[in-house]
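What follows is a short report on a single structure.
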Amino acid sequence: NLSAALLVLVCFVSFLVHTFSVAYMGSDAGINRYYFKLGFFTSSMLGLLVADHLLLIFIFWELVGFSSYLLIGFWFEEEKNAQSSRIAFMTNRVADAGFLIGILLLMAFSDNHLISTLAPLEEAPWVTYVGIGLLMGALGKSAQFPFFTWLPHAMAGPTPVSALIHAATMVTAGVYLITRSNFIFDAAPTAQLLVVIVGAITLLFGAIIGTAKDDIKKALAASTMSQIGYMVLATGLGPVGYAFAIMHLLTHGFFKAGMFLGAGSVMH
């Protein structure tokens with residue numbers, strides 16, 4: 001059900017962004033390259049949502065990261081844009097190393113590697129380490145403390161890219177991962193406490209950073225960090241929190257994508 005809800009969000013927002021791009025990016029010399037990269041990202045994101053085996057999820061997780069790197073650096077002729085895409089890419093790779101370690105630990109200690117059939121686990125040290133590993137991956141992708149510095153740099157990409165990737169889809173993948181692997185976090189109170197702490201720190205940091213930005217897209221990016229902080233905080237509160245986190249994820253995906261597209265129109 002969780003995957004289905006997010007599939008609706010990703011497909012619908014992606015459709016709107018592709019349509020918006022027809023006029024917004026129509027005069028750009030690299031329009032064919034742009035649509036190829038946008039389609040590559042969307043298909044990677046859909047793969048992430050329908051994958052069941054943890055290693056398959058990790059493969060699509062990396063493809064989403066790679067396609068976002070290509071889109072952030074779409075106007076790579078300007079050195080600043082190329083640097084921004086590289087910062088975003090490398091920050092996520094550091095976090096994803098923790099994600100991979102968490103997956104390998106789970107595969108080493110458990111016979112069940114499919115998220116859909118993951119049953120409640122007994123509390124054990126290895127479950128805590130797996131939870132921390134998955135949390136690291138989620139924090140990188142969702143631009144949470146201490147990996148939040150890459151999101152303002154990601155605004156170097158075209159505005160429709162920001163609307164699709166940095167508002168509605170990729171940055172919420174971390175919240176999706178924590179919620180989808182809830183049995184692991186429910187059996188690891190230490191990891192769950194870390195989720196709450198990081199969410200609380202980021203929602204404050206994001207709001208404070210946003211007030212200091214005079215670039216409208218960067219202000220919205222900081223707002224996104226803050227809003228995802230609320231979602232992450234909710235996922236750390238257990239079963240009741242998961243419902244609130246996903247409800248906010250879905251509503252935020254629509255309104256923040258609309259705000260980014262509106263900001264792009266104003267800047268244009």
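Chain labels follow the order of the structure tokens: the first chain is A, the next B, and so on; residue numbering restarts at 1 in every chain, and ligands are counted from 1 in their shown order.
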So that I can check the surroundings of stretch 245-253 of chain A, please list as a JSON list (two decimals) with N, CA, C and O atoms, in the first residue's frame every protein, DNA and RNA residue that reaches within 9 Å of it, counting only C-alpha atoms and ignoring chain neighbours fewer than 5 positions away.
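The result, stored in result11.json:
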```json
[["chain", "number", "residue", "atom", "x", "y", "z"],
["A", 2, "LEU", "N", 1.95, 1.22, 0.76],
["A", 2, "LEU", "CA", 2.86, 2.37, 0.84],
["A", 2, "LEU", "C", 3.48, 2.64, -0.53],
["A", 2, "LEU", "O", 3.51, 3.78, -1.00],
["A", 5, "ALA", "N", 0.91, 4.12, -2.97],
["A", 5, "ALA", "CA", 0.63, 5.55, -2.74],
["A", 5, "ALA", "C", 1.72, 6.42, -3.34],
["A", 5, "ALA", "O", 1.45, 7.44, -3.99],
["A", 6, "LEU", "N", 2.97, 6.00, -3.14],
["A", 6, "LEU", "CA", 4.08, 6.79, -3.66],
["A", 6, "LEU", "C", 4.21, 6.68, -5.18],
["A", 6, "LEU", "O", 4.66, 7.62, -5.83],
["A", 9, "LEU", "N", 1.99, 9.30, -6.56],
["A", 9, "LEU", "CA", 2.62, 10.62, -6.41],
["A", 9, "LEU", "C", 3.70, 10.84, -7.47],
["A", 9, "LEU", "O", 3.70, 11.86, -8.17],
["A", 10, "VAL", "N", 4.61, 9.86, -7.60],
["A", 10, "VAL", "CA", 5.73, 10.00, -8.54],
["A", 10, "VAL", "C", 5.25, 10.11, -9.98],
["A", 10, "VAL", "O", 5.69, 10.98, -10.73],
["A", 13, "VAL", "N", 3.19, 13.64, -10.47],
["A", 13, "VAL", "CA", 4.06, 14.82, -10.44],
["A", 13, "VAL", "C", 5.03, 14.79, -11.62],
["A", 13, "VAL", "O", 5.30, 15.81, -12.25],
["A", 163, "ALA", "N", 11.65, 20.73, -8.91],
["A", 163, "ALA", "CA", 10.28, 20.40, -8.54],
["A", 163, "ALA", "C", 10.08, 18.89, -8.44],
["A", 163, "ALA", "O", 9.45, 18.39, -7.50],
["A", 164, "LEU", "N", 10.64, 18.15, -9.39],
["A", 164, "LEU", "CA", 10.44, 16.69, -9.42],
["A", 164, "LEU", "C", 11.32, 15.98, -8.39],
["A", 164, "LEU", "O", 10.83, 15.16, -7.61],
["A", 167, "ALA", "N", 11.64, 18.01, -4.38],
["A", 167, "ALA", "CA", 10.42, 18.36, -3.65],
["A", 167, "ALA", "C", 9.52, 17.14, -3.48],
["A", 167, "ALA", "O", 9.05, 16.85, -2.39],
["A", 168, "ALA", "N", 9.29, 16.41, -4.58],
["A", 168, "ALA", "CA", 8.24, 15.39, -4.56],
["A", 168, "ALA", "C", 8.74, 13.95, -4.49],
["A", 168, "ALA", "O", 8.05, 13.08, -3.98],
["A", 169, "THR", "N", 9.93, 13.68, -5.01],
["A", 169, "THR", "CA", 10.30, 12.26, -5.19],
["A", 169, "THR", "C", 11.57, 11.87, -4.44],
["A", 169, "THR", "O", 11.50, 11.34, -3.34],
["A", 172, "THR", "N", 12.27, 12.44, -0.65],
["A", 172, "THR", "CA", 11.38, 11.77, 0.30],
["A", 172, "THR", "C", 11.65, 10.26, 0.36],
["A", 172, "THR", "O", 11.01, 9.55, 1.13],
["A", 175, "VAL", "N", 12.39, 8.89, 3.88],
["A", 175, "VAL", "CA", 11.20, 8.68, 4.72],
["A", 175, "VAL", "C", 10.52, 7.36, 4.31],
["A", 175, "VAL", "O", 10.10, 6.57, 5.17],
["A", 176, "TYR", "N", 10.45, 7.13, 3.00],
["A", 176, "TYR", "CA", 9.88, 5.87, 2.49],
["A", 176, "TYR", "C", 10.67, 4.66, 3.02],
["A", 176, "TYR", "O", 10.07, 3.68, 3.48],
["A", 179, "THR", "N", 10.07, 4.02, 6.80],
["A", 179, "THR", "CA", 8.71, 3.51, 7.01],
["A", 179, "THR", "C", 8.57, 2.09, 6.49],
["A", 179, "THR", "O", 7.96, 1.23, 7.13],
["A", 224, "THR", "N", 12.20, 22.64, 2.28],
["A", 224, "THR", "CA", 12.04, 21.19, 2.03],
["A", 224, "THR", "C", 12.79, 20.37, 3.08],
["A", 224, "THR", "O", 12.26, 19.40, 3.61],
["A", 227, "GLN", "N", 10.77, 20.49, 6.26],
["A", 227, "GLN", "CA", 9.54, 19.70, 6.19],
["A", 227, "GLN", "C", 9.85, 18.20, 6.26],
["A", 227, "GLN", "O", 9.12, 17.44, 6.91],
["A", 228, "ILE", "N", 10.93, 17.78, 5.60],
["A", 228, "ILE", "CA", 11.30, 16.36, 5.66],
["A", 228, "ILE", "C", 11.78, 16.02, 7.07],
["A", 228, "ILE", "O", 11.61, 14.90, 7.54],
["A", 230, "TYR", "N", 10.39, 17.09, 9.74],
["A", 230, "TYR", "CA", 9.14, 16.74, 10.45],
["A", 230, "TYR", "C", 8.74, 15.30, 10.14],
["A", 230, "TYR", "O", 8.31, 14.56, 11.03],
["A", 231, "MET", "N", 8.86, 14.91, 8.85],
["A", 231, "MET", "CA", 8.49, 13.54, 8.46],
["A", 231, "MET", "C", 9.39, 12.52, 9.15],
["A", 231, "MET", "O", 8.92, 11.50, 9.67],
["A", 232, "VAL", "N", 10.71, 12.78, 9.15],
["A", 232, "VAL", "CA", 11.66, 11.86, 9.78],
["A", 232, "VAL", "C", 11.38, 11.76, 11.28],
["A", 232, "VAL", "O", 11.39, 10.66, 11.86],
["A", 233, "LEU", "N", 11.12, 12.90, 11.91],
["A", 233, "LEU", "CA", 10.77, 12.92, 13.33],
["A", 233, "LEU", "C", 9.56, 12.03, 13.59],
["A", 233, "LEU", "O", 9.55, 11.23, 14.54],
["A", 234, "ALA", "N", 8.55, 12.13, 12.74],
["A", 234, "ALA", "CA", 7.33, 11.32, 12.91],
["A", 234, "ALA", "C", 7.61, 9.83, 12.77],
["A", 234, "ALA", "O", 7.07, 9.02, 13.53],
["A", 235, "THR", "N", 8.48, 9.46, 11.81],
["A", 235, "THR", "CA", 8.77, 8.03, 11.62],
["A", 235, "THR", "C", 9.48, 7.43, 12.83],
["A", 235, "THR", "O", 9.41, 6.22, 13.06],
["A", 240, "VAL", "N", 2.10, 4.99, 14.97],
["A", 240, "VAL", "CA", 1.23, 6.15, 14.74],
["A", 240, "VAL", "C", 1.95, 7.19, 13.89],
["A", 240, "VAL", "O", 1.38, 7.79, 12.98],
["A", 258, "GLY", "N", 4.58, 22.32, -6.75],
["A", 258, "GLY", "CA", 3.88, 23.48, -7.30],
["A", 258, "GLY", "C", 4.60, 24.78, -6.97],
["A", 258, "GLY", "O", 4.71, 25.69, -7.81]]
```
So that I can check the surroundings of A:Ile57, please list as a PyMOL selection string every protein, DNA and RNA residue that reaches within 8 Å of it, counting only C-alpha atoms and ignoring chain neighbours fewer than 6 positions away. chain A and resi 47-49+51
Could you write those residues out with N, CA and C atoms, as a tab-separated table (two decimals), in the first residue's frame?
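As a result, out_6.tsv now contains:
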```tsv
chain	number	residue	atom	x	y	z
A	47	GLY	N	11.48	2.19	-10.12
A	47	GLY	CA	12.14	0.91	-9.80
A	47	GLY	C	12.41	0.79	-8.32
A	48	LEU	N	12.83	1.88	-7.70
A	48	LEU	CA	13.11	1.88	-6.26
A	48	LEU	C	11.84	1.54	-5.46
A	49	LEU	N	10.71	2.06	-5.93
A	49	LEU	CA	9.45	1.87	-5.19
A	49	LEU	C	8.87	0.47	-5.37
A	51	ALA	N	10.78	-2.33	-6.16
A	51	ALA	CA	11.76	-3.37	-5.80
A	51	ALA	C	11.46	-3.90	-4.40
```
Enter the distance from atom CA of A:Tyr35 to atom CA of A:Thr91, in Å, rounded to one decimal. 25.3 Å
Which distance in Å separates atom CA of A:Gly238 and atom CA of A:Ile178, to one decimal?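 Between these atoms lies a distance of 10.6 Å.
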Just checking: using only C-alpha atoms, which residue out of A:Ala222, A:Ala187, A:Leu134, A:Met107 ends up closest to A:Thr202? A:Ala222
Nearest residue to A:Trp75 out of A:Ser265, A:Ser3, A:Thr19, A:Thr159, using only C-alpha atoms?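 Checking each candidate against A:Trp75, we get A:Thr159 as the closest.
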